[in-house]
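Q: For reference, the structure I am asking about is given below.
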Amino acid sequence: MTSPLVRIRALEKRFDLSGSLLEQLRFENGRLRRKQDAVHAINGVDLDVHKGETLCVVGESGCGKSTVARTVMGLLSPSAGEIHYDGERIDHLDGKAVQPYRRKMQMIFQNPYASLNPRMTIQQTLEEPIRFHYPHWSAAEVKDKVQSVMQSVGIDPDWGSRFGHEFSGGQRQRIAIARALAVDPEFIVADEPISALDVSIQAQVLNLLMDAQERHGLTYLFITHDLAVVEHFGTRVAVMYLGRVCELADTATLFAAPRHPYTQALLSAIPRLEDDRPNHIRLKGEVPTPVNLPSGCVFHGRCPYANERCRQEVPALIATDEGGRVACHAVEEGRL
């Protein structure tokens with residue numbers, strides 16, 4: 001397999017909750033102590049995104065998948081780890097050094113009602129990134145590019161004089177996709193781009209993304225919680241739980257034979273019409289807080305297969321016979 005377009009290694013992101021220095025100081029047992037708290041949103045994530053594929057990152061709310069997306073795009077600075085794009089490290093770049101990657105890497109946000117500037121017309125919204133990344137283009141070239149990209153996503157170019165609030169959610173998301181495509185990117189991060197849309201519109205937007213991928217040779221990092229979308233849209237799937245990747249596999253392999261206990265429980269929750277489908281797996285216990293992470297495997301408190309090793313030792317992602325990777329001591333030891 002060729003080298004990945006995007007390589008993420010040991011990525012961590014912590015959000016400080018301690019406040020100012022005075023807020024961190026407190027008396028305990030007659031002594032003045034400093035206590036610092038942080039939300040551990042990402043905890044050592046390793047991912048590779050290969051050219052032309054759609055890597056879907058799934059997991060329940062609060063697992064860190066959107067934080068991974070924003071950190072990869074440079075909207076958040078990583079607390080530790082490295083991000084490489086096409087062999088070059090980019091997580092430490094700023095200013096003019098990062099500008100070429102801003103064009104190659106674009107993002108589609110979750111809420112189409114908040115991602116468009118209400119003070120700008122659609123024409124201005126789509127012209128802005130083109131003028132920024134191609135300052136030598138003439139006004140006619142910019143206008144032609146805007147018309148071309150609007151037509152490619154099914155938007156009438158005559159709508160350019162209108163504002164975002166004049167459109168429906170599906171139309172706004174098409175405009176957001178057009179904005180991402182306007183600068184001819186190679187890699188697009190889509191952070192739950194259809195979750196705020198009606199079900200009838202979701203399929204249209206998904207088909208639009210698939211058509212754009214085929215037409216432009218795009219690579220997607222697709223963040224979602226909708227497993228039905230993953231089965232239809234994804235090339236590979238990474239399952240996250242409490243800031244860690246617990247399983248990574250091809251879409252068909254993951255849905256046919258999930259290995260990690262959390263993945264099995266997650267997939268059992270998909271409504272299906274088959275009579276012979278396995279029973280829904282009900283997990284016991286509560287999801288731990290990311291402020292005070294549990295020791296060892298972060299899933300051990302809810303896992304029916306956990307033993308003492310699971311409570312003490314963090315599992316590494318190991319290769320499976322099916323070609324995927326799973327972070328589970330029970331799988332490694334043959335207990336599952």
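In the structure tokens, the first chain shown is A, the next is B, and so on; residue numbers restart at 1 for each chain, and ligands run from 1 in the order shown.
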Using DSSP on the backbone coordinates, identify the residues of region 108-315 of chain A assigned to helix (DSSP H, G or I); present them as a ChimeraX atom specification.

A: /A:122-133,139-152,157-161,164-166,169-181,199-216,227-233,251-256,261-268,308-312

Q: Please determine, counting only C-alpha atoms, which residue among A:Val189, A:Leu206, A:Leu218, A:Val58 has the shortest atom-to-atom distance to Tyr262 (chain A).

A: A:Val58

Q: Using DSSP secondary structure from the backbone, list all strand (DSSP E or B) positions within region 78-315 of chain A, as a VMD selection string.

A: chain A and resid 80 to 85 88 to 89 105 to 108 121 163 187 to 191 219 to 223 236 to 241 244 to 250

Q: Looking at only C-alpha atoms, which of A:Val291, A:Ala327, A:Val72, A:Val149 is the one that sits closest to Arg14 (chain A)?

A: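 Of A:Val291, A:Ala327, A:Val72, A:Val149, the one nearest Arg14 (chain A), counting only C-alpha atoms, is A:Val291.
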
Q: Pick out the closest residue to Leu248 (chain A) from this set: A:Glu332, A:Ser200, A:Asp156, A:Val57. Count only C-alpha atoms.

A: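 Using only C-alpha atoms, Leu248 (chain A) sits closest to A:Val57.
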
Q: I'd like the contact shell of Glu247 (chain A) - 9 Å cut-off, only C-alpha atoms, skipping same-chain residues fewer than 2 positions apart - returned as a PDB file with N, CA, C and O atoms, in the first residue's frame.

A:
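Listing of result-v3.pdb after writing:
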ATOM      1  N   VAL A 237     -13.289   2.075   8.567  1.00  0.00           N
ATOM      2  CA  VAL A 237     -13.958   2.633   9.742  1.00  0.00           C
ATOM      3  C   VAL A 237     -13.018   2.571  10.939  1.00  0.00           C
ATOM      4  O   VAL A 237     -12.386   1.544  11.195  1.00  0.00           O
ATOM      5  N   ALA A 238     -12.932   3.697  11.666  1.00  0.00           N
ATOM      6  CA  ALA A 238     -12.217   3.741  12.945  1.00  0.00           C
ATOM      7  C   ALA A 238     -13.250   3.988  14.039  1.00  0.00           C
ATOM      8  O   ALA A 238     -14.001   4.960  13.972  1.00  0.00           O
ATOM      9  N   VAL A 239     -13.288   3.107  15.019  1.00  0.00           N
ATOM     10  CA  VAL A 239     -14.237   3.222  16.126  1.00  0.00           C
ATOM     11  C   VAL A 239     -13.516   3.807  17.329  1.00  0.00           C
ATOM     12  O   VAL A 239     -12.483   3.272  17.755  1.00  0.00           O
ATOM     13  N   MET A 240     -14.037   4.917  17.858  1.00  0.00           N
ATOM     14  CA  MET A 240     -13.414   5.579  19.003  1.00  0.00           C
ATOM     15  C   MET A 240     -14.264   5.444  20.255  1.00  0.00           C
ATOM     16  O   MET A 240     -15.495   5.416  20.189  1.00  0.00           O
ATOM     17  N   VAL A 245      -8.769   5.046  19.801  1.00  0.00           N
ATOM     18  CA  VAL A 245      -9.253   4.179  18.733  1.00  0.00           C
ATOM     19  C   VAL A 245      -9.253   2.748  19.255  1.00  0.00           C
ATOM     20  O   VAL A 245      -8.201   2.222  19.634  1.00  0.00           O
ATOM     21  N   ALA A 249     -10.890  -1.082  10.730  1.00  0.00           N
ATOM     22  CA  ALA A 249     -11.010  -2.157   9.751  1.00  0.00           C
ATOM     23  C   ALA A 249     -11.729  -1.651   8.516  1.00  0.00           C
ATOM     24  O   ALA A 249     -12.336  -0.574   8.522  1.00  0.00           O
ATOM     25  N   LEU A 254     -15.647  -4.860   9.208  1.00  0.00           N
ATOM     26  CA  LEU A 254     -16.097  -4.395  10.517  1.00  0.00           C
ATOM     27  C   LEU A 254     -17.566  -4.744  10.749  1.00  0.00           C
ATOM     28  O   LEU A 254     -17.942  -5.201  11.840  1.00  0.00           O
ATOM     29  N   PRO A 258     -17.240  -7.713  13.745  1.00  0.00           N
ATOM     30  CA  PRO A 258     -16.579  -6.795  14.692  1.00  0.00           C
ATOM     31  C   PRO A 258     -15.861  -7.579  15.780  1.00  0.00           C
ATOM     32  O   PRO A 258     -16.375  -8.585  16.275  1.00  0.00           O
ATOM     33  N   ARG A 259     -14.671  -7.124  16.176  1.00  0.00           N
ATOM     34  CA  ARG A 259     -13.868  -7.854  17.158  1.00  0.00           C
ATOM     35  C   ARG A 259     -13.917  -7.236  18.544  1.00  0.00           C
ATOM     36  O   ARG A 259     -13.960  -7.954  19.546  1.00  0.00           O
ATOM     37  N   HIS A 260     -13.869  -5.915  18.640  1.00  0.00           N
ATOM     38  CA  HIS A 260     -13.839  -5.271  19.957  1.00  0.00           C
ATOM     39  C   HIS A 260     -15.223  -5.338  20.610  1.00  0.00           C
ATOM     40  O   HIS A 260     -16.243  -5.170  19.925  1.00  0.00           O
ATOM     41  N   TYR A 262     -16.797  -3.225  22.395  1.00  0.00           N
ATOM     42  CA  TYR A 262     -17.554  -1.983  22.215  1.00  0.00           C
ATOM     43  C   TYR A 262     -18.121  -1.894  20.801  1.00  0.00           C
ATOM     44  O   TYR A 262     -19.266  -1.478  20.606  1.00  0.00           O
ATOM     45  N   THR A 263     -17.330  -2.293  19.797  1.00  0.00           N
ATOM     46  CA  THR A 263     -17.819  -2.283  18.418  1.00  0.00           C
ATOM     47  C   THR A 263     -18.995  -3.237  18.263  1.00  0.00           C
ATOM     48  O   THR A 263     -19.979  -2.930  17.575  1.00  0.00           O
ATOM     49  N   LEU A 317      -3.021  -1.187  19.596  1.00  0.00           N
ATOM     50  CA  LEU A 317      -3.703  -1.652  18.392  1.00  0.00           C
ATOM     51  C   LEU A 317      -2.878  -2.773  17.765  1.00  0.00           C
ATOM     52  O   LEU A 317      -1.739  -2.558  17.352  1.00  0.00           O
ATOM     53  N   GLY A 324      -7.711  -6.040   9.872  1.00  0.00           N
ATOM     54  CA  GLY A 324      -7.952  -4.825  10.638  1.00  0.00           C
ATOM     55  C   GLY A 324      -7.022  -4.728  11.825  1.00  0.00           C
ATOM     56  O   GLY A 324      -6.028  -5.462  11.935  1.00  0.00           O
ATOM     57  N   ARG A 325      -7.341  -3.814  12.733  1.00  0.00           N
ATOM     58  CA  ARG A 325      -6.564  -3.646  13.960  1.00  0.00           C
ATOM     59  C   ARG A 325      -7.529  -3.440  15.117  1.00  0.00           C
ATOM     60  O   ARG A 325      -8.555  -2.775  14.960  1.00  0.00           O
ATOM     61  N   VAL A 326      -7.192  -4.002  16.267  1.00  0.00           N
ATOM     62  CA  VAL A 326      -8.075  -3.897  17.421  1.00  0.00           C
ATOM     63  C   VAL A 326      -7.233  -3.708  18.677  1.00  0.00           C
ATOM     64  O   VAL A 326      -6.147  -4.275  18.801  1.00  0.00           O
ATOM     65  N   ALA A 327      -7.719  -2.873  19.594  1.00  0.00           N
ATOM     66  CA  ALA A 327      -7.030  -2.626  20.867  1.00  0.00           C
ATOM     67  C   ALA A 327      -7.806  -3.329  21.967  1.00  0.00           C
ATOM     68  O   ALA A 327      -8.692  -2.739  22.600  1.00  0.00           O
ATOM     69  N   CYS A 328      -7.514  -4.606  22.179  1.00  0.00           N
ATOM     70  CA  CYS A 328      -8.254  -5.399  23.161  1.00  0.00           C
ATOM     71  C   CYS A 328      -7.396  -6.549  23.655  1.00  0.00           C
ATOM     72  O   CYS A 328      -6.917  -7.369  22.853  1.00  0.00           O
TER      73      CYS A 328
END

Q: Would you give me, as a Markdown table, each residue of region 174-256 of chain A having an atom within 12 Å of an atom of region 99-112 of chain A, along with its shortest atom pair and that distance in Å to one decimal, using only C-alpha atoms and sorting by chain and residue number?

A:
| residue | atom | partner | partner_atom | distance |
| --- | --- | --- | --- | --- |
| A:Arg174 | CA | A:Pro112 | CA | 8.9 |
| A:Ile175 | CA | A:Pro112 | CA | 8.7 |
| A:Ala176 | CA | A:Ile108 | CA | 6.4 |
| A:Ile177 | CA | A:Ile108 | CA | 6.4 |
| A:Ala178 | CA | A:Ile108 | CA | 9.6 |
| A:Arg179 | CA | A:Ile108 | CA | 8.7 |
| A:Ala180 | CA | A:Gln106 | CA | 5.5 |
| A:Leu181 | CA | A:Gln106 | CA | 7.9 |
| A:Ala182 | CA | A:Arg103 | CA | 9.5 |
| A:Val183 | CA | A:Arg103 | CA | 6.2 |
| A:Asp184 | CA | A:Lys104 | CA | 7.2 |
| A:Pro185 | CA | A:Lys104 | CA | 4.2 |
| A:Glu186 | CA | A:Lys104 | CA | 5.2 |
| A:Phe187 | CA | A:Met105 | CA | 4.9 |
| A:Ile188 | CA | A:Gln106 | CA | 4.9 |
| A:Val189 | CA | A:Met107 | CA | 4.7 |
| A:Ala190 | CA | A:Ile108 | CA | 4.7 |
| A:Asp191 | CA | A:Phe109 | CA | 5.3 |
| A:Glu192 | CA | A:Gln110 | CA | 5.0 |
| A:Pro193 | CA | A:Gln110 | CA | 4.5 |
| A:Ile194 | CA | A:Gln110 | CA | 7.0 |
| A:Ser195 | CA | A:Gln110 | CA | 6.9 |
| A:Ala196 | CA | A:Asn111 | CA | 6.1 |
| A:Leu197 | CA | A:Pro112 | CA | 8.7 |
| A:Val205 | CA | A:Ile108 | CA | 11.7 |
| A:Leu209 | CA | A:Ile108 | CA | 10.6 |
| A:Leu218 | CA | A:Lys104 | CA | 10.2 |
| A:Thr219 | CA | A:Met105 | CA | 9.6 |
| A:Tyr220 | CA | A:Met107 | CA | 9.7 |
| A:Leu221 | CA | A:Met107 | CA | 9.4 |
| A:Phe222 | CA | A:Ile108 | CA | 9.6 |
| A:Ile223 | CA | A:Gln110 | CA | 9.4 |
| A:Thr224 | CA | A:Gln110 | CA | 9.6 |
| A:His225 | CA | A:Gln110 | CA | 11.9 |

Q: Kindly indicate which residue among A:Glu12, A:Glu166, A:Glu313, A:Asp94 lies nearest to Thr67 (chain A), using only C-alpha atoms for the distances.

A: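 Of A:Glu12, A:Glu166, A:Glu313, A:Asp94, the one nearest Thr67 (chain A), counting only C-alpha atoms, is A:Glu12.
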
Q: For each of A:Glu82, A:Glu128, A:Asp250, A:Glu141, take the minimum atom-to-atom distance to Gly323 (chain A), counting only C-alpha atoms, then give the residue where this is smallest.

A: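 Selected residue with least distance to Gly323 (chain A): A:Asp250.
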
Q: Using only C-alpha atoms, find the one residue out of A:Gly296, A:Pro288, A:Gly44, A:Pro118 that sits nearest to Val68 (chain A).

A: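 Going through A:Gly296, A:Pro288, A:Gly44, A:Pro118 one by one, the smallest distance to Val68 (chain A) is for A:Gly44.
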
Q: Which polymer residues have any atom within 10 Å of an atom of Val49 (chain A), counting only C-alpha atoms, with same-chain residues fewer than 2 positions away left out, as a VMD selection string?

A: chain A and resid 3 to 8 47 51 to 56 85 187 219 to 221 236

Q: Give me a file of those residues, with N, CA and C atoms, as a compact mmCIF listing (two decimals), in the first residue's frame.

A:
# COMPACT_ATOMS: atom_id res chain seq x y z
N SER A 3 2.15 5.17 0.64
CA SER A 3 2.21 5.94 1.87
C SER A 3 0.94 6.77 2.03
N PRO A 4 0.45 6.95 3.25
CA PRO A 4 -0.82 7.65 3.46
C PRO A 4 -0.72 9.13 3.12
N LEU A 5 -1.85 9.70 2.72
CA LEU A 5 -1.91 11.13 2.47
C LEU A 5 -1.83 11.89 3.79
N VAL A 6 -2.55 11.41 4.80
CA VAL A 6 -2.54 12.01 6.14
C VAL A 6 -2.14 10.94 7.15
N ARG A 7 -1.14 11.25 7.95
CA ARG A 7 -0.68 10.32 8.97
C ARG A 7 -0.77 11.00 10.34
N ILE A 8 -1.46 10.38 11.26
CA ILE A 8 -1.64 10.89 12.62
C ILE A 8 -0.96 9.93 13.57
N LEU A 47 -3.78 7.18 13.27
CA LEU A 47 -4.62 6.93 12.10
C LEU A 47 -3.84 7.24 10.82
N LYS A 51 -4.88 7.98 0.05
CA LYS A 51 -5.42 8.76 -1.05
C LYS A 51 -6.62 8.06 -1.68
N GLY A 52 -7.69 8.83 -1.89
CA GLY A 52 -8.87 8.32 -2.56
C GLY A 52 -9.86 7.58 -1.70
N GLU A 53 -9.56 7.36 -0.44
CA GLU A 53 -10.47 6.60 0.40
C GLU A 53 -11.35 7.52 1.25
N THR A 54 -12.35 6.92 1.88
CA THR A 54 -13.18 7.60 2.87
C THR A 54 -13.00 6.88 4.19
N LEU A 55 -12.27 7.49 5.11
CA LEU A 55 -12.09 6.93 6.44
C LEU A 55 -13.14 7.53 7.36
N CYS A 56 -14.06 6.69 7.83
CA CYS A 56 -15.12 7.15 8.72
C CYS A 56 -14.69 6.94 10.17
N TYR A 85 1.13 15.51 6.47
CA TYR A 85 0.35 15.56 5.23
C TYR A 85 1.28 15.31 4.05
N PHE A 187 -7.97 16.91 0.09
CA PHE A 187 -8.40 16.22 1.31
C PHE A 187 -9.49 17.05 1.98
N THR A 219 -10.08 12.75 -1.06
CA THR A 219 -9.91 11.87 0.09
C THR A 219 -10.71 12.47 1.24
N TYR A 220 -11.50 11.63 1.92
CA TYR A 220 -12.36 12.12 2.99
C TYR A 220 -11.96 11.54 4.35
N LEU A 221 -11.99 12.40 5.36
CA LEU A 221 -12.05 11.96 6.75
C LEU A 221 -13.45 12.33 7.21
N ARG A 236 -13.06 2.61 4.99
CA ARG A 236 -12.61 2.00 6.24
C ARG A 236 -13.29 2.73 7.40

Q: Would you kindly return, as a PDB file with all heavy atoms, in the first residue's frame, each protein, DNA or RNA residue with an atom no farther than 9 Å from any atom of Asn117 (chain A), considering only C-alpha atoms and excluding same-chain residues fewer than 6 positions away?

A:
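Below is the file that was written, result08.pdb:
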ATOM      1  N   THR A 125     -19.375  34.613  -0.551  1.00  0.00           N
ATOM      2  CA  THR A 125     -18.921  33.481   0.257  1.00  0.00           C
ATOM      3  C   THR A 125     -18.014  32.558  -0.548  1.00  0.00           C
ATOM      4  O   THR A 125     -16.989  32.081  -0.040  1.00  0.00           O
ATOM      5  CB  THR A 125     -20.131  32.695   0.790  1.00  0.00           C
ATOM      6  OG1 THR A 125     -20.902  33.537   1.644  1.00  0.00           O
ATOM      7  CG2 THR A 125     -19.692  31.460   1.554  1.00  0.00           C
ATOM      8  N   PHE A 163     -28.684  35.662   0.125  1.00  0.00           N
ATOM      9  CA  PHE A 163     -27.977  35.426   1.391  1.00  0.00           C
ATOM     10  C   PHE A 163     -28.319  34.025   1.926  1.00  0.00           C
ATOM     11  O   PHE A 163     -29.320  33.417   1.522  1.00  0.00           O
ATOM     12  CB  PHE A 163     -28.333  36.494   2.417  1.00  0.00           C
ATOM     13  CG  PHE A 163     -27.793  37.857   2.092  1.00  0.00           C
ATOM     14  CD1 PHE A 163     -28.487  38.713   1.254  1.00  0.00           C
ATOM     15  CD2 PHE A 163     -26.578  38.276   2.617  1.00  0.00           C
ATOM     16  CE1 PHE A 163     -27.987  39.967   0.951  1.00  0.00           C
ATOM     17  CE2 PHE A 163     -26.061  39.530   2.319  1.00  0.00           C
ATOM     18  CZ  PHE A 163     -26.766  40.382   1.483  1.00  0.00           C
ATOM     19  N   GLY A 164     -27.501  33.567   2.866  1.00  0.00           N
ATOM     20  CA  GLY A 164     -27.650  32.215   3.385  1.00  0.00           C
ATOM     21  C   GLY A 164     -28.996  31.924   4.008  1.00  0.00           C
ATOM     22  O   GLY A 164     -29.519  30.809   3.892  1.00  0.00           O
TER      23      GLY A 164
END

Q: By how many Å are CA of Ser77 (chain A) and CA of Asp91 (chain A) apart?

A: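 So the answer is 7.3 Å.
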
Q: Leaving out Gln123 (chain A) and any residue of its chain fewer than 3 positions from it, which residues lie within 7 Å of it when counting only C-alpha atoms, given as a VMD selection string?

A: chain A and resid 126 to 127 160 to 161

Q: Would you mind reading off the distance between CA of Leu17 (chain A) and CA of Pro290 (chain A), one decimal, in Å?

A: 11.7 Å
